[in-house]
$ cat structure_10.cif   # mmCIF, C-alpha atoms, pLDDT in the B column; chains and numbers go by the auth columns
data_my_file
loop_
_atom_site.group_PDB
_atom_site.id
_atom_site.type_symbol
_atom_site.label_atom_id
_atom_site.label_comp_id
_atom_site.label_asym_id
_atom_site.label_seq_id
_atom_site.Cartn_x
_atom_site.Cartn_y
_atom_site.Cartn_z
_atom_site.B_iso_or_equiv
_atom_site.auth_seq_id
_atom_site.auth_asym_id
ATOM 1 C CA MET A 1 -22.617 22.666 -22.257 75.00 239 H
ATOM 2 C CA LEU A 2 -21.243 19.866 -20.108 77.00 240 H
ATOM 3 C CA ASN A 3 -23.825 17.341 -18.939 80.00 241 H
ATOM 4 C CA LEU A 4 -22.479 16.232 -15.555 78.00 242 H
ATOM 5 C CA ILE A 5 -24.584 13.065 -15.424 77.00 243 H
ATOM 6 C CA VAL A 6 -23.317 11.864 -18.806 82.00 244 H
ATOM 7 C CA TYR A 7 -19.765 12.902 -17.930 84.00 245 H
ATOM 8 C CA THR A 8 -19.868 11.039 -14.606 79.00 246 H
ATOM 9 C CA GLU A 9 -21.260 7.918 -16.259 80.00 247 H
ATOM 10 C CA LYS A 10 -18.428 8.087 -18.810 85.00 248 H
ATOM 11 C CA ILE A 11 -15.811 8.322 -16.062 84.00 249 H
ATOM 12 C CA VAL A 12 -17.300 5.404 -14.143 80.00 250 H
ATOM 13 C CA SER A 13 -17.660 3.351 -17.321 82.00 251 H
ATOM 14 C CA ASP A 14 -14.027 4.023 -18.276 87.00 252 H
ATOM 15 C CA PHE A 15 -12.892 3.063 -14.768 85.00 253 H
ATOM 16 C CA LEU A 16 -14.844 -0.207 -14.884 83.00 254 H
ATOM 17 C CA ARG A 17 -13.444 -1.010 -18.324 84.00 255 H
ATOM 18 C CA TYR A 18 -9.948 -0.284 -17.011 87.00 256 H
ATOM 19 C CA GLN A 19 -10.510 -2.728 -14.148 84.00 257 H
ATOM 20 C CA LEU A 20 -11.374 -5.453 -16.659 83.00 258 H
ATOM 21 C CA THR A 21 -8.182 -4.891 -18.634 85.00 259 H
ATOM 22 C CA ALA A 22 -5.860 -4.245 -15.687 86.00 260 H
ATOM 23 C CA TYR A 23 -6.672 -7.494 -13.900 79.00 261 H
ATOM 24 C CA PRO A 24 -7.265 -10.188 -16.498 78.00 262 H
ATOM 25 C CA PHE A 25 -8.233 -13.650 -15.254 83.00 263 H
ATOM 26 C CA THR A 26 -7.194 -16.751 -17.124 86.00 264 H
ATOM 27 C CA ASP A 27 -10.166 -18.616 -15.629 89.00 265 H
ATOM 28 C CA ALA A 28 -13.118 -17.867 -17.923 89.00 266 H
ATOM 29 C CA HIS A 29 -15.662 -18.385 -15.124 92.00 267 H
ATOM 30 C CA LEU A 30 -13.952 -15.874 -12.815 89.00 268 H
ATOM 31 C CA TYR A 31 -13.597 -13.405 -15.663 88.00 269 H
ATOM 32 C CA ALA A 32 -17.307 -13.707 -16.454 88.00 270 H
ATOM 33 C CA GLN A 33 -18.119 -13.057 -12.795 87.00 271 H
ATOM 34 C CA MET A 34 -15.884 -10.006 -12.785 84.00 272 H
ATOM 35 C CA ARG A 35 -17.521 -8.687 -15.977 84.00 273 H
ATOM 36 C CA THR A 36 -20.944 -9.105 -14.380 84.00 274 H
ATOM 37 C CA LEU A 37 -19.922 -7.395 -11.148 80.00 275 H
ATOM 38 C CA LEU A 38 -18.190 -4.533 -12.969 80.00 276 H
ATOM 39 C CA ASN A 39 -21.139 -3.905 -15.277 79.00 277 H
ATOM 40 C CA LEU A 40 -22.255 -0.276 -15.044 74.00 278 H
ATOM 41 C CA GLU A 41 -25.868 -1.270 -14.381 74.00 279 H
ATOM 42 C CA GLU A 42 -24.774 -3.514 -11.496 71.00 280 H
ATOM 43 C CA THR A 43 -22.397 -1.010 -9.956 69.00 281 H
ATOM 44 C CA ARG A 44 -24.449 2.151 -10.436 68.00 282 H
ATOM 45 C CA ASN A 45 -25.723 2.183 -6.829 65.00 283 H
ATOM 46 C CA ILE A 46 -22.537 1.174 -5.018 68.00 284 H
ATOM 47 C CA PRO A 47 -21.582 3.969 -2.578 64.00 285 H
ATOM 48 C CA LEU A 48 -17.957 3.844 -3.755 60.00 286 H
ATOM 49 C CA LEU A 49 -19.002 5.101 -7.182 58.00 287 H
ATOM 50 C CA LYS A 50 -21.223 7.961 -6.035 63.00 288 H
ATOM 51 C CA GLY A 51 -19.857 11.468 -6.482 65.00 289 H
ATOM 52 C CA PRO A 52 -18.799 14.100 -6.170 67.00 290 H
ATOM 53 C CA TYR A 53 -15.566 13.461 -8.042 64.00 291 H
ATOM 54 C CA VAL A 54 -12.658 15.823 -7.666 67.00 292 H
ATOM 55 C CA SER A 55 -9.428 15.603 -9.595 65.00 293 H
ATOM 56 C CA LEU A 56 -6.412 17.433 -8.266 67.00 294 H
ATOM 57 C CA SER A 57 -3.908 16.099 -10.758 68.00 295 H
ATOM 58 C CA ARG A 58 -1.020 18.489 -10.876 69.00 296 H
ATOM 59 C CA VAL A 59 2.553 18.058 -11.961 67.00 297 H
ATOM 60 C CA PHE A 60 4.846 17.459 -9.031 66.00 298 H
ATOM 61 C CA ARG A 61 7.629 19.953 -8.564 67.00 299 H
ATOM 62 C CA GLU A 62 11.071 18.408 -8.773 73.00 300 H
ATOM 63 C CA GLU A 63 13.227 19.000 -5.745 75.00 301 H
ATOM 64 C CA ALA A 64 16.674 17.865 -4.717 76.00 302 H
ATOM 65 C CA SER A 65 17.695 14.303 -5.380 81.00 303 H
ATOM 66 C CA ILE A 66 17.655 11.766 -2.559 81.00 304 H
ATOM 67 C CA GLN A 67 21.454 11.728 -2.600 83.00 305 H
ATOM 68 C CA HIS A 68 21.548 15.509 -2.189 82.00 306 H
ATOM 69 C CA MET A 69 19.086 15.361 0.731 80.00 307 H
ATOM 70 C CA VAL A 70 21.194 12.660 2.426 84.00 308 H
ATOM 71 C CA GLU A 71 24.279 14.775 2.016 87.00 309 H
ATOM 72 C CA GLU A 72 22.413 17.743 3.535 85.00 310 H
ATOM 73 C CA GLY A 73 21.306 15.610 6.506 82.00 311 H
ATOM 74 C CA MET A 74 17.605 15.679 5.738 73.00 312 H
#
$ encode --input "structure_10.cif" --output "structure tokens"
Amino acid sequence: MLNLIVYTEKIVSDFLRYQLTAYPFTDAHLYAQMRTLLNLEETRNIPLLKGPYVSLSRVFREEASIQHMVEEGM
């Protein structure tokens, strides 16, 4: 059975870890500050990270190319 609290914490933790790797700082002091601010314990109560979380990831349907739409006058 899926534990929603554990699952949500995993999602938030993965997102915070992604932020650390996506925006690396060369300045060690700034990087340490970012690590502190993006710590799960520090960010747990930030309204931005409160649920509910909904994912609507669906594959986009391919339509006509831009060139074709231009030719059609769209």
$ closest_residue --input "structure_10.cif" --among "H:Gln305, H:Leu278, H:Glu300, H:Gly311" --to "Ile249 of chain H" --atoms "only C-alpha atoms"
H:Leu278
$ resolve_selection --input "structure_10.cif" --expression "the PyMOL selection byres ((chain H and resi 255) around 12)" --output "VMD selection string"
chain H and resid 248 to 254 256 to 262 272 to 278
$ atom_distance --input "structure_10.cif" --atom1 "atom CA of Thr264 of chain H" --atom2 "atom CA of Glu280 of chain H"
22.7 Å
$ atom_distance --input "structure_10.cif" --atom1 "atom CA of Glu279 of chain H" --atom2 "atom CA of Tyr245 of chain H"
15.8 Å
$ atom_distance --input "structure_10.cif" --atom1 "atom CA of Gln271 of chain H" --atom2 "atom CA of Ile243 of chain H"
27.0 Å
